[in-house]
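Everything below concerns the one structure shown next.
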Amino acid sequence: MTELFAQLLRQDFAELEAAARSWASLAKKLGDTQAGCGKYVSGPLHRDKWAGVGADYGFAALEATESKLGTGRVNAQLIHAVLDTLHTRMQESQRKLRNAVADAEKAGHTVRADGWVEPVEAVDPKYHNDPDYQGVQQRANAGLGGYRARIEAAVTEASTVCTQAAELLHQIDPFDLDKRYGADHAREDAVRVGEFRGLGRKSIPDGKDPQQTADWWAGLHIEDREMYLAAYPEQLGTMDGLPAGARNTANRTNLDMQLNDYALREGSLGYHDRYLYGSLSKLKDKLDQADAAPPDRQLYLLKYGLSKDGTAVVSVGNPDTAKHTAVFVPGTSHQLDSVGGDIDRAGDLQSAAGRWNGTSGTKDVAVVSWLDYNAPELNTDSVGSADLSLGIASDHRAKEGAERLRDFTHGLRAAHQGDQPTHLTVLGHSYGSTTVGAADVGGDGLGADDAVVLGSPGLTVKRADQLHMDPRHLWVGAASDDLVSNVLSGASLGADPKDPGFGAQRMYVDTSGHSGYWDGGSQSLENQGRIIAGKEPENGGTD
């Protein structure tokens, strides 16, 4: 203990602190370079639809480069975290040691150079035969054992943390800084480093209460947030109440790792995995194309799932800062491989709302495409026949996704920044409107300021006033030749919402068919944009 005691007692940790800062700086530079590569190189190339053999090789090289930069950024963050934690804990051990030495010396003890605390000679040893000698000595050295234990504990603590830090630094393979598929290894390292830093999985909220999740995140230091994102991206990516930026970071990390896994196993993938591989690749291309977009057109991957036909939740614009936020729930036959069209539709809704949002335009409007439920399939050619899919005849799938939709909208509220809450509109098309109804009738409802249902087969209730939302702000749009609205509505999924007796408001539409409500230049689209922007639809709210 002799050498470590002397070193710890006088050590200046300035160089260790400087080293930690240097690694943090490197991590930031790697992250900025990775983001810049997407924004200024690969993003514009995706946006401009660069194609051909050269494009295939070029995008592969760019993807590999961005992957290496991302892995390098994480590893640099981990090295910084180890050194920073080592610095903090060594300073704490030093403080404990110095306090123990000072207290021992104040009590009259001598602390030797090797850390041993000498007993106090309270009485001249020549009087050791005096009956009171032992008692006086014991009282004078009553704290001796405690001082020795405190010094030993401080030195042992410092020795242990040094050993742990050295092992962690050794495990962070520097070769990963130049390895495309190092993300899984980096995540394993992040878990170990997080535990060393006192940030384990058990400290993460269960995610059942979005407000609790938001409060937990708000109370974390920025470096601890980065550590959690590096160590537990799968868990954090699904947590309602976290900021959109954090969820996007976590889910983009998960997506890259999943695609890398599929790429390594491509020759042995089964049918379902091949479908997911292709669908996720299209989703990544869509996200990459938006890397070069202006801030209000940036895409945020808020969630995705691989069960059944796959799911994805993507926001056009940042809902955390938007003055107006809309959540669009698509309906029948929508699944992971159709998410690209859903994102385009969300973009059209954002543009429509921007036209009615004054000088701010789309800058403070965000529209989320929310496909986090297993939408039933429907062939509109079979509507009204005996071949109608049983999926749309039952509210089972709507109720199955209802709680997730409620948690999501409550999470948007909890994560929103600013003094004023966002104006929230929830839109549902086809069976998506049934999911909206099932979500709003349960629990505390969706907390929406407005809701729009289009081509709806029913909202699972008999009257609008059975929902939590204000019937005066529930808008129903139905084209005259929409087979789902005209044939299925009122059959098995609740009363017909366009019936005046239901108690909702009619929204004027000028489009035809079940899926024409977003036709460019239509009043149907403009009215949805007006509602998202907090205005009433035109034509007096009737059709």
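Residues are referred to by chain and number: the chain letter is A, B, ... according to the order shown in the structure tokens, the number counts from 1 in that chain, and ligands are numbered separately from 1 in the order shown.
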
Would you list, as a short mmCIF file (atom, residue, chain, number, x, y, z; two decimals) with all heavy atoms, in the first residue's frame, the residues of range 227-391 of chain A that end up in alpha helix (DSSP H) under DSSP run on this structure's backbone?
data_model
loop_
_atom_site.label_atom_id
_atom_site.label_comp_id
_atom_site.auth_asym_id
_atom_site.auth_seq_id
_atom_site.Cartn_x
_atom_site.Cartn_y
_atom_site.Cartn_z
N MET A 227 -24.36 7.95 -22.97
CA MET A 227 -23.98 6.61 -22.55
C MET A 227 -25.16 5.65 -22.64
O MET A 227 -25.04 4.53 -23.12
CB MET A 227 -23.43 6.65 -21.12
CG MET A 227 -22.91 5.31 -20.60
SD MET A 227 -21.61 4.62 -21.63
CE MET A 227 -20.42 5.96 -21.56
N TYR A 228 -26.31 6.10 -22.17
CA TYR A 228 -27.51 5.25 -22.25
C TYR A 228 -27.86 4.95 -23.71
O TYR A 228 -28.24 3.82 -24.05
CB TYR A 228 -28.70 5.94 -21.56
CG TYR A 228 -28.75 5.73 -20.07
CD1 TYR A 228 -28.62 6.81 -19.19
CD2 TYR A 228 -28.93 4.47 -19.53
CE1 TYR A 228 -28.67 6.63 -17.82
CE2 TYR A 228 -28.99 4.28 -18.16
CZ TYR A 228 -28.85 5.36 -17.31
OH TYR A 228 -28.90 5.17 -15.94
N LEU A 229 -27.76 5.96 -24.59
CA LEU A 229 -28.07 5.74 -26.00
C LEU A 229 -27.11 4.74 -26.63
O LEU A 229 -27.51 3.93 -27.48
CB LEU A 229 -28.02 7.06 -26.76
CG LEU A 229 -29.17 8.04 -26.50
CD1 LEU A 229 -28.86 9.39 -27.13
CD2 LEU A 229 -30.48 7.48 -27.04
N ALA A 230 -25.85 4.77 -26.23
CA ALA A 230 -24.87 3.84 -26.77
C ALA A 230 -25.06 2.43 -26.23
O ALA A 230 -24.86 1.45 -26.95
CB ALA A 230 -23.46 4.34 -26.46
N ALA A 231 -25.48 2.33 -24.97
CA ALA A 231 -25.57 1.01 -24.32
C ALA A 231 -26.91 0.33 -24.55
O ALA A 231 -26.98 -0.89 -24.70
CB ALA A 231 -25.30 1.16 -22.82
N PRO A 233 -29.75 1.16 -26.92
CA PRO A 233 -30.56 1.79 -27.96
C PRO A 233 -31.89 1.09 -28.22
O PRO A 233 -32.88 1.75 -28.52
CB PRO A 233 -29.64 1.74 -29.19
CG PRO A 233 -28.71 0.61 -28.94
CD PRO A 233 -28.48 0.62 -27.46
N GLU A 234 -31.92 -0.23 -28.12
CA GLU A 234 -33.17 -0.95 -28.38
C GLU A 234 -34.24 -0.57 -27.38
O GLU A 234 -35.42 -0.43 -27.73
CB GLU A 234 -32.91 -2.46 -28.33
CG GLU A 234 -32.08 -2.97 -29.50
CD GLU A 234 -31.87 -4.46 -29.43
OE1 GLU A 234 -32.23 -5.07 -28.40
OE2 GLU A 234 -31.33 -5.03 -30.40
N GLN A 235 -33.86 -0.40 -26.12
CA GLN A 235 -34.83 -0.06 -25.09
C GLN A 235 -35.25 1.41 -25.21
O GLN A 235 -36.44 1.73 -25.16
CB GLN A 235 -34.24 -0.32 -23.71
CG GLN A 235 -35.21 -0.15 -22.56
CD GLN A 235 -34.64 -0.65 -21.25
OE1 GLN A 235 -33.61 -1.32 -21.21
NE2 GLN A 235 -35.33 -0.35 -20.15
N LEU A 236 -34.29 2.31 -25.38
CA LEU A 236 -34.61 3.73 -25.41
C LEU A 236 -35.38 4.13 -26.65
O LEU A 236 -36.20 5.05 -26.61
CB LEU A 236 -33.33 4.56 -25.31
CG LEU A 236 -32.93 4.97 -23.88
CD1 LEU A 236 -32.66 3.76 -23.00
CD2 LEU A 236 -31.72 5.89 -23.90
N ALA A 244 -37.56 13.46 -29.41
CA ALA A 244 -37.53 12.85 -30.73
C ALA A 244 -36.10 12.62 -31.21
O ALA A 244 -35.80 11.60 -31.84
CB ALA A 244 -38.29 13.73 -31.72
N GLY A 245 -35.20 13.56 -30.92
CA GLY A 245 -33.82 13.41 -31.34
C GLY A 245 -33.15 12.20 -30.72
O GLY A 245 -32.40 11.48 -31.38
N ALA A 246 -33.42 11.97 -29.43
CA ALA A 246 -32.83 10.82 -28.75
C ALA A 246 -33.38 9.52 -29.31
O ALA A 246 -32.63 8.55 -29.55
CB ALA A 246 -33.10 10.92 -27.25
N ARG A 247 -34.69 9.46 -29.52
CA ARG A 247 -35.29 8.25 -30.07
C ARG A 247 -34.77 7.99 -31.49
O ARG A 247 -34.52 6.83 -31.87
CB ARG A 247 -36.81 8.35 -30.07
CG ARG A 247 -37.41 8.41 -28.68
CD ARG A 247 -38.93 8.44 -28.70
NE ARG A 247 -39.51 7.18 -29.14
CZ ARG A 247 -40.80 6.87 -29.03
NH1 ARG A 247 -41.64 7.75 -28.51
NH2 ARG A 247 -41.25 5.71 -29.45
N ASN A 248 -34.63 9.04 -32.27
CA ASN A 248 -34.12 8.88 -33.63
C ASN A 248 -32.70 8.32 -33.61
O ASN A 248 -32.38 7.41 -34.37
CB ASN A 248 -34.15 10.22 -34.34
CG ASN A 248 -33.63 10.14 -35.76
OD1 ASN A 248 -34.18 9.46 -36.61
ND2 ASN A 248 -32.54 10.85 -36.03
N THR A 249 -31.86 8.86 -32.72
CA THR A 249 -30.49 8.35 -32.60
C THR A 249 -30.48 6.87 -32.25
O THR A 249 -29.76 6.06 -32.85
CB THR A 249 -29.72 9.15 -31.54
OG1 THR A 249 -29.61 10.51 -31.95
CG2 THR A 249 -28.32 8.57 -31.33
N ALA A 250 -31.28 6.50 -31.25
CA ALA A 250 -31.34 5.10 -30.81
C ALA A 250 -31.85 4.20 -31.93
O ALA A 250 -31.27 3.13 -32.20
CB ALA A 250 -32.23 4.98 -29.58
N ASN A 251 -32.92 4.61 -32.59
CA ASN A 251 -33.52 3.75 -33.61
C ASN A 251 -32.70 3.68 -34.88
O ASN A 251 -32.66 2.63 -35.54
CB ASN A 251 -34.94 4.23 -33.91
CG ASN A 251 -35.91 3.90 -32.79
OD1 ASN A 251 -35.92 2.79 -32.27
ND2 ASN A 251 -36.72 4.87 -32.40
N ARG A 252 -32.01 4.77 -35.23
CA ARG A 252 -31.12 4.71 -36.39
C ARG A 252 -29.95 3.77 -36.11
O ARG A 252 -29.48 3.04 -36.99
CB ARG A 252 -30.62 6.11 -36.76
CG ARG A 252 -31.68 7.07 -37.28
CD ARG A 252 -32.18 6.75 -38.66
NE ARG A 252 -31.22 7.01 -39.69
CZ ARG A 252 -31.16 8.15 -40.40
NH1 ARG A 252 -32.03 9.13 -40.17
NH2 ARG A 252 -30.26 8.29 -41.35
N THR A 253 -29.47 3.78 -34.85
CA THR A 253 -28.42 2.83 -34.46
C THR A 253 -28.93 1.40 -34.58
O THR A 253 -28.26 0.53 -35.14
CB THR A 253 -27.96 3.10 -33.02
OG1 THR A 253 -27.41 4.42 -32.93
CG2 THR A 253 -26.91 2.08 -32.58
N ASN A 254 -30.13 1.15 -34.04
CA ASN A 254 -30.71 -0.18 -34.12
C ASN A 254 -30.91 -0.62 -35.57
O ASN A 254 -30.64 -1.77 -35.93
CB ASN A 254 -32.07 -0.21 -33.40
CG ASN A 254 -31.93 -0.03 -31.91
OD1 ASN A 254 -30.91 -0.38 -31.32
ND2 ASN A 254 -32.96 0.52 -31.28
N LEU A 255 -31.40 0.31 -36.39
CA LEU A 255 -31.66 -0.01 -37.79
C LEU A 255 -30.37 -0.39 -38.51
O LEU A 255 -30.35 -1.39 -39.26
CB LEU A 255 -32.32 1.20 -38.47
CG LEU A 255 -32.64 1.07 -39.96
CD1 LEU A 255 -33.61 -0.08 -40.19
CD2 LEU A 255 -33.21 2.38 -40.50
N ASP A 256 -29.32 0.36 -38.29
CA ASP A 256 -28.04 0.04 -38.94
C ASP A 256 -27.53 -1.33 -38.49
O ASP A 256 -27.04 -2.11 -39.32
CB ASP A 256 -27.00 1.12 -38.61
CG ASP A 256 -27.27 2.42 -39.35
OD1 ASP A 256 -28.05 2.40 -40.33
OD2 ASP A 256 -26.71 3.46 -38.95
N MET A 257 -27.64 -1.62 -37.20
CA MET A 257 -27.18 -2.92 -36.71
C MET A 257 -28.03 -4.05 -37.29
O MET A 257 -27.51 -5.12 -37.65
CB MET A 257 -27.20 -2.95 -35.18
CG MET A 257 -26.11 -2.11 -34.54
SD MET A 257 -25.91 -2.40 -32.76
CE MET A 257 -27.46 -1.77 -32.14
N GLN A 258 -29.35 -3.83 -37.39
CA GLN A 258 -30.22 -4.86 -37.94
C GLN A 258 -29.90 -5.12 -39.41
O GLN A 258 -29.83 -6.27 -39.86
CB GLN A 258 -31.68 -4.44 -37.80
CG GLN A 258 -32.68 -5.49 -38.23
CD GLN A 258 -32.63 -6.72 -37.35
OE1 GLN A 258 -32.86 -6.66 -36.16
NE2 GLN A 258 -32.31 -7.87 -37.95
N LEU A 259 -29.69 -4.06 -40.16
CA LEU A 259 -29.36 -4.22 -41.58
C LEU A 259 -27.99 -4.89 -41.76
O LEU A 259 -27.82 -5.71 -42.66
CB LEU A 259 -29.38 -2.86 -42.28
CG LEU A 259 -30.77 -2.25 -42.49
CD1 LEU A 259 -30.65 -0.83 -43.02
CD2 LEU A 259 -31.59 -3.10 -43.45
N ASN A 260 -27.04 -4.54 -40.91
CA ASN A 260 -25.74 -5.21 -40.97
C ASN A 260 -25.87 -6.70 -40.70
O ASN A 260 -25.23 -7.53 -41.35
CB ASN A 260 -24.79 -4.57 -39.95
CG ASN A 260 -24.29 -3.21 -40.37
OD1 ASN A 260 -24.38 -2.84 -41.54
ND2 ASN A 260 -23.79 -2.45 -39.43
N ASP A 261 -26.72 -7.04 -39.73
CA ASP A 261 -26.94 -8.46 -39.42
C ASP A 261 -27.56 -9.19 -40.60
O ASP A 261 -27.14 -10.29 -40.96
CB ASP A 261 -27.85 -8.57 -38.19
CG ASP A 261 -28.21 -10.01 -37.86
OD1 ASP A 261 -27.30 -10.79 -37.52
OD2 ASP A 261 -29.41 -10.37 -37.99
N TYR A 262 -28.56 -8.56 -41.22
CA TYR A 262 -29.19 -9.19 -42.39
C TYR A 262 -28.18 -9.34 -43.53
O TYR A 262 -28.17 -10.36 -44.23
CB TYR A 262 -30.37 -8.34 -42.87
CG TYR A 262 -31.63 -8.50 -42.05
CD1 TYR A 262 -32.48 -7.41 -41.83
CD2 TYR A 262 -32.00 -9.74 -41.52
CE1 TYR A 262 -33.65 -7.54 -41.10
CE2 TYR A 262 -33.17 -9.88 -40.78
CZ TYR A 262 -33.99 -8.78 -40.57
OH TYR A 262 -35.14 -8.92 -39.84
N ALA A 263 -27.34 -8.32 -43.72
CA ALA A 263 -26.36 -8.37 -44.80
C ALA A 263 -25.38 -9.54 -44.61
O ALA A 263 -25.02 -10.23 -45.57
CB ALA A 263 -25.60 -7.05 -44.88
N LEU A 264 -24.98 -9.77 -43.37
CA LEU A 264 -24.05 -10.86 -43.08
C LEU A 264 -24.70 -12.22 -43.26
O LEU A 264 -24.02 -13.22 -43.54
CB LEU A 264 -23.52 -10.73 -41.65
CG LEU A 264 -22.60 -9.53 -41.39
CD1 LEU A 264 -22.31 -9.38 -39.90
CD2 LEU A 264 -21.30 -9.67 -42.17
N TYR A 271 -38.06 -16.36 -45.84
CA TYR A 271 -38.94 -15.44 -46.56
C TYR A 271 -39.24 -14.19 -45.74
O TYR A 271 -39.14 -13.07 -46.24
CB TYR A 271 -40.24 -16.15 -46.93
CG TYR A 271 -41.27 -15.21 -47.51
CD1 TYR A 271 -41.21 -14.81 -48.84
CD2 TYR A 271 -42.31 -14.69 -46.70
CE1 TYR A 271 -42.13 -13.93 -49.38
CE2 TYR A 271 -43.23 -13.80 -47.23
CZ TYR A 271 -43.14 -13.42 -48.57
OH TYR A 271 -44.06 -12.55 -49.08
N HIS A 272 -39.62 -14.35 -44.46
CA HIS A 272 -40.02 -13.22 -43.65
C HIS A 272 -38.85 -12.27 -43.43
O HIS A 272 -39.01 -11.03 -43.52
CB HIS A 272 -40.58 -13.70 -42.30
CG HIS A 272 -41.14 -12.60 -41.46
ND1 HIS A 272 -40.56 -12.18 -40.28
CD2 HIS A 272 -42.24 -11.81 -41.64
CE1 HIS A 272 -41.28 -11.20 -39.76
NE2 HIS A 272 -42.29 -10.95 -40.56
N ASP A 273 -37.67 -12.82 -43.15
CA ASP A 273 -36.50 -11.97 -42.96
C ASP A 273 -36.10 -11.26 -44.24
O ASP A 273 -35.63 -10.12 -44.21
CB ASP A 273 -35.33 -12.79 -42.42
CG ASP A 273 -35.44 -13.06 -40.93
OD1 ASP A 273 -36.22 -12.36 -40.27
OD2 ASP A 273 -34.76 -13.97 -40.43
N ARG A 274 -36.28 -11.92 -45.39
CA ARG A 274 -35.98 -11.25 -46.66
C ARG A 274 -36.93 -10.07 -46.88
O ARG A 274 -36.51 -9.00 -47.36
CB ARG A 274 -36.09 -12.24 -47.83
CG ARG A 274 -34.96 -13.24 -47.92
CD ARG A 274 -34.85 -13.86 -49.31
NE ARG A 274 -36.10 -14.48 -49.74
CZ ARG A 274 -36.46 -15.73 -49.47
NH1 ARG A 274 -35.65 -16.50 -48.74
NH2 ARG A 274 -37.60 -16.22 -49.91
N TYR A 275 -38.20 -10.28 -46.52
CA TYR A 275 -39.17 -9.18 -46.63
C TYR A 275 -38.77 -8.02 -45.71
O TYR A 275 -38.78 -6.86 -46.13
CB TYR A 275 -40.56 -9.70 -46.26
CG TYR A 275 -41.53 -8.61 -45.84
CD1 TYR A 275 -42.13 -7.79 -46.78
CD2 TYR A 275 -41.81 -8.39 -44.49
CE1 TYR A 275 -43.00 -6.77 -46.40
CE2 TYR A 275 -42.68 -7.37 -44.10
CZ TYR A 275 -43.27 -6.57 -45.06
OH TYR A 275 -44.12 -5.57 -44.68
N LEU A 276 -38.40 -8.35 -44.47
CA LEU A 276 -38.01 -7.30 -43.53
C LEU A 276 -36.73 -6.60 -43.99
O LEU A 276 -36.61 -5.37 -43.87
CB LEU A 276 -37.81 -7.90 -42.14
CG LEU A 276 -39.08 -8.39 -41.43
CD1 LEU A 276 -38.72 -9.10 -40.13
CD2 LEU A 276 -40.03 -7.23 -41.15
N TYR A 277 -35.78 -7.37 -44.51
CA TYR A 277 -34.52 -6.79 -44.98
C TYR A 277 -34.79 -5.78 -46.09
O TYR A 277 -34.28 -4.65 -46.07
CB TYR A 277 -33.61 -7.91 -45.48
CG TYR A 277 -32.22 -7.49 -45.89
CD1 TYR A 277 -31.65 -6.31 -45.42
CD2 TYR A 277 -31.47 -8.28 -46.77
CE1 TYR A 277 -30.37 -5.93 -45.80
CE2 TYR A 277 -30.19 -7.91 -47.16
CZ TYR A 277 -29.64 -6.73 -46.67
OH TYR A 277 -28.37 -6.35 -47.04
N GLY A 278 -35.62 -6.18 -47.05
CA GLY A 278 -35.95 -5.27 -48.14
C GLY A 278 -36.72 -4.04 -47.66
O GLY A 278 -36.44 -2.91 -48.09
N SER A 279 -37.67 -4.25 -46.74
CA SER A 279 -38.49 -3.13 -46.25
C SER A 279 -37.66 -2.16 -45.42
O SER A 279 -37.79 -0.94 -45.55
CB SER A 279 -39.65 -3.68 -45.41
OG SER A 279 -40.48 -4.52 -46.18
N LEU A 280 -36.77 -2.69 -44.57
CA LEU A 280 -35.93 -1.82 -43.76
C LEU A 280 -34.91 -1.09 -44.61
O LEU A 280 -34.55 0.06 -44.31
CB LEU A 280 -35.22 -2.64 -42.68
CG LEU A 280 -36.11 -3.19 -41.55
CD1 LEU A 280 -35.28 -4.05 -40.60
CD2 LEU A 280 -36.79 -2.06 -40.80
N SER A 281 -34.43 -1.73 -45.68
CA SER A 281 -33.50 -1.06 -46.58
C SER A 281 -34.17 0.13 -47.25
O SER A 281 -33.57 1.20 -47.40
CB SER A 281 -32.99 -2.04 -47.64
OG SER A 281 -32.24 -3.09 -47.05
N LYS A 282 -35.44 -0.05 -47.65
CA LYS A 282 -36.19 1.06 -48.25
C LYS A 282 -36.40 2.18 -47.23
O LYS A 282 -36.31 3.37 -47.56
CB LYS A 282 -37.54 0.57 -48.76
CG LYS A 282 -37.45 -0.37 -49.95
CD LYS A 282 -38.84 -0.84 -50.36
CE LYS A 282 -38.78 -1.82 -51.53
NZ LYS A 282 -40.13 -2.32 -51.89
N LEU A 283 -36.70 1.79 -45.99
CA LEU A 283 -36.88 2.79 -44.94
C LEU A 283 -35.60 3.58 -44.71
O LEU A 283 -35.63 4.81 -44.60
CB LEU A 283 -37.32 2.11 -43.65
CG LEU A 283 -37.42 3.00 -42.40
CD1 LEU A 283 -38.42 4.14 -42.62
CD2 LEU A 283 -37.81 2.17 -41.17
N LYS A 284 -34.47 2.87 -44.67
CA LYS A 284 -33.18 3.57 -44.49
C LYS A 284 -32.91 4.52 -45.65
O LYS A 284 -32.44 5.64 -45.43
CB LYS A 284 -32.04 2.56 -44.34
CG LYS A 284 -30.67 3.23 -44.19
CD LYS A 284 -29.57 2.25 -43.91
CE LYS A 284 -28.20 2.92 -43.97
NZ LYS A 284 -28.10 4.11 -43.09
N ASP A 285 -33.19 4.09 -46.87
CA ASP A 285 -32.98 4.97 -48.02
C ASP A 285 -33.83 6.23 -47.88
O ASP A 285 -33.36 7.34 -48.19
CB ASP A 285 -33.35 4.24 -49.32
CG ASP A 285 -32.32 3.20 -49.71
OD1 ASP A 285 -31.19 3.26 -49.19
OD2 ASP A 285 -32.64 2.33 -50.54
N LYS A 286 -35.07 6.06 -47.40
CA LYS A 286 -35.96 7.21 -47.23
C LYS A 286 -35.40 8.16 -46.18
O LYS A 286 -35.41 9.39 -46.35
CB LYS A 286 -37.34 6.72 -46.80
CG LYS A 286 -38.45 7.75 -46.92
CD LYS A 286 -38.83 7.98 -48.36
CE LYS A 286 -40.01 8.90 -48.50
NZ LYS A 286 -40.36 9.17 -49.91
N LEU A 287 -34.90 7.60 -45.10
CA LEU A 287 -34.31 8.42 -44.04
C LEU A 287 -33.05 9.12 -44.54
O LEU A 287 -32.82 10.30 -44.25
CB LEU A 287 -33.98 7.56 -42.83
CG LEU A 287 -35.18 6.90 -42.12
CD1 LEU A 287 -34.69 5.86 -41.11
CD2 LEU A 287 -36.04 7.94 -41.43
N ASP A 288 -32.23 8.39 -45.29
CA ASP A 288 -30.98 8.97 -45.80
C ASP A 288 -31.25 10.12 -46.76
O ASP A 288 -30.52 11.11 -46.78
CB ASP A 288 -30.15 7.89 -46.51
CG ASP A 288 -29.54 6.89 -45.54
OD1 ASP A 288 -29.49 7.18 -44.33
OD2 ASP A 288 -29.13 5.80 -45.99
N GLN A 289 -32.30 10.00 -47.56
CA GLN A 289 -32.64 11.06 -48.51
C GLN A 289 -32.94 12.37 -47.79
O GLN A 289 -32.70 13.45 -48.33
CB GLN A 289 -33.85 10.65 -49.35
CG GLN A 289 -33.56 9.55 -50.36
CD GLN A 289 -34.83 9.06 -51.04
OE1 GLN A 289 -35.83 9.76 -51.10
NE2 GLN A 289 -34.79 7.84 -51.55
N VAL A 339 -44.32 2.09 -45.82
CA VAL A 339 -44.06 3.24 -44.97
C VAL A 339 -43.57 4.43 -45.78
O VAL A 339 -43.86 5.59 -45.44
CB VAL A 339 -43.05 2.87 -43.86
CG1 VAL A 339 -42.47 4.11 -43.20
CG2 VAL A 339 -43.74 2.01 -42.81
N GLY A 340 -42.85 4.19 -46.86
CA GLY A 340 -42.37 5.30 -47.68
C GLY A 340 -43.52 6.17 -48.17
O GLY A 340 -43.44 7.40 -48.13
N GLY A 341 -44.61 5.54 -48.61
CA GLY A 341 -45.77 6.30 -49.04
C GLY A 341 -46.43 7.03 -47.89
O GLY A 341 -46.94 8.16 -48.06
N ASP A 342 -46.43 6.40 -46.71
CA ASP A 342 -47.01 7.06 -45.53
C ASP A 342 -46.20 8.29 -45.14
O ASP A 342 -46.76 9.31 -44.73
CB ASP A 342 -47.05 6.08 -44.35
CG ASP A 342 -48.00 4.92 -44.60
OD1 ASP A 342 -48.98 5.10 -45.34
OD2 ASP A 342 -47.76 3.83 -44.05
N ILE A 343 -44.87 8.21 -45.27
CA ILE A 343 -44.02 9.37 -44.97
C ILE A 343 -44.30 10.49 -45.96
O ILE A 343 -44.39 11.67 -45.59
CB ILE A 343 -42.54 8.96 -44.99
CG1 ILE A 343 -42.24 7.96 -43.86
CG2 ILE A 343 -41.65 10.19 -44.85
CD1 ILE A 343 -40.85 7.37 -43.91
N ASP A 344 -44.46 10.13 -47.23
CA ASP A 344 -44.80 11.15 -48.24
C ASP A 344 -46.13 11.81 -47.91
O ASP A 344 -46.28 13.03 -48.06
CB ASP A 344 -44.86 10.51 -49.63
CG ASP A 344 -43.50 10.08 -50.15
OD1 ASP A 344 -42.48 10.60 -49.64
OD2 ASP A 344 -43.45 9.22 -51.04
N ARG A 345 -47.08 11.02 -47.46
CA ARG A 345 -48.39 11.57 -47.10
C ARG A 345 -48.26 12.51 -45.91
O ARG A 345 -48.89 13.58 -45.89
CB ARG A 345 -49.35 10.42 -46.78
CG ARG A 345 -50.77 10.85 -46.51
CD ARG A 345 -51.71 9.65 -46.54
NE ARG A 345 -51.84 9.11 -47.89
CZ ARG A 345 -52.52 8.01 -48.18
NH1 ARG A 345 -53.10 7.31 -47.21
NH2 ARG A 345 -52.62 7.59 -49.43
N ALA A 346 -47.43 12.13 -44.94
CA ALA A 346 -47.20 13.02 -43.80
C ALA A 346 -46.57 14.33 -44.27
O ALA A 346 -46.90 15.41 -43.77
CB ALA A 346 -46.30 12.34 -42.76
N GLY A 347 -45.66 14.24 -45.24
CA GLY A 347 -45.05 15.44 -45.79
C GLY A 347 -46.07 16.32 -46.49
O GLY A 347 -46.02 17.57 -46.39
N ASP A 348 -47.02 15.70 -47.22
CA ASP A 348 -48.07 16.48 -47.88
C ASP A 348 -48.95 17.18 -46.85
O ASP A 348 -49.35 18.35 -47.05
CB ASP A 348 -48.93 15.56 -48.75
CG ASP A 348 -48.17 15.01 -49.95
OD1 ASP A 348 -47.15 15.62 -50.33
OD2 ASP A 348 -48.60 13.98 -50.50
N LEU A 349 -49.26 16.49 -45.76
CA LEU A 349 -50.06 17.11 -44.70
C LEU A 349 -49.31 18.28 -44.05
O LEU A 349 -49.90 19.32 -43.73
CB LEU A 349 -50.43 16.06 -43.65
CG LEU A 349 -51.50 15.04 -44.08
CD1 LEU A 349 -51.56 13.89 -43.08
CD2 LEU A 349 -52.87 15.71 -44.19
N GLN A 350 -48.00 18.09 -43.84
CA GLN A 350 -47.21 19.18 -43.27
C GLN A 350 -47.22 20.39 -44.19
O GLN A 350 -47.38 21.54 -43.73
CB GLN A 350 -45.77 18.72 -43.03
CG GLN A 350 -44.92 19.76 -42.32
CD GLN A 350 -43.43 19.51 -42.48
OE1 GLN A 350 -42.97 19.17 -43.57
NE2 GLN A 350 -42.67 19.68 -41.41
N SER A 351 -47.06 20.17 -45.49
CA SER A 351 -47.06 21.28 -46.44
C SER A 351 -48.41 21.98 -46.45
O SER A 351 -48.49 23.22 -46.49
CB SER A 351 -46.73 20.76 -47.85
OG SER A 351 -45.41 20.24 -47.90
N ALA A 352 -49.49 21.19 -46.39
CA ALA A 352 -50.83 21.77 -46.38
C ALA A 352 -51.03 22.62 -45.13
O ALA A 352 -51.59 23.73 -45.19
CB ALA A 352 -51.89 20.67 -46.46
N ALA A 353 -50.58 22.11 -43.99
CA ALA A 353 -50.71 22.89 -42.75
C ALA A 353 -49.87 24.15 -42.81
O ALA A 353 -50.27 25.22 -42.32
CB ALA A 353 -50.30 22.03 -41.55
N GLY A 354 -48.68 24.05 -43.41
CA GLY A 354 -47.81 25.21 -43.52
C GLY A 354 -48.42 26.34 -44.31
O GLY A 354 -48.14 27.52 -44.05
N LEU A 390 -62.05 -10.71 -42.51
CA LEU A 390 -62.55 -10.64 -41.13
C LEU A 390 -61.77 -9.63 -40.31
O LEU A 390 -62.25 -9.15 -39.29
CB LEU A 390 -62.46 -12.02 -40.48
CG LEU A 390 -63.40 -13.09 -41.05
CD1 LEU A 390 -63.14 -14.42 -40.33
CD2 LEU A 390 -64.85 -12.68 -40.89
N GLY A 391 -60.55 -9.27 -40.75
CA GLY A 391 -59.74 -8.34 -39.99
C GLY A 391 -60.40 -7.00 -39.80
O GLY A 391 -60.39 -6.44 -38.72
#

Handout entry: Per-residue DSSP, range 291-533 of chain A, filtered to strand (DSSP E), as a PyMOL selection string
Key = chain A and resi 299-305+311-316+324-329+365-371+423-429+450-454+474-477+505-506

Problem - Residue contacts of range 483-496 of chain A (9 Å, only C-alpha atoms) excluding same-chain residues fewer than 4 positions away, as a ChimeraX atom specification - result: /A:380,383-384,392-395,430,434,454-463,478-479,500-502,513-514

Problem - Within 8 Å of range 98-111 of chain A using only C-alpha atoms, minus same-chain residues under 5 positions, as a list in words - result: Leu9, Trp116, Val117, Glu118, Pro119, Val120, Leu144, Tyr147, Arg150 and Ile151 of chain A
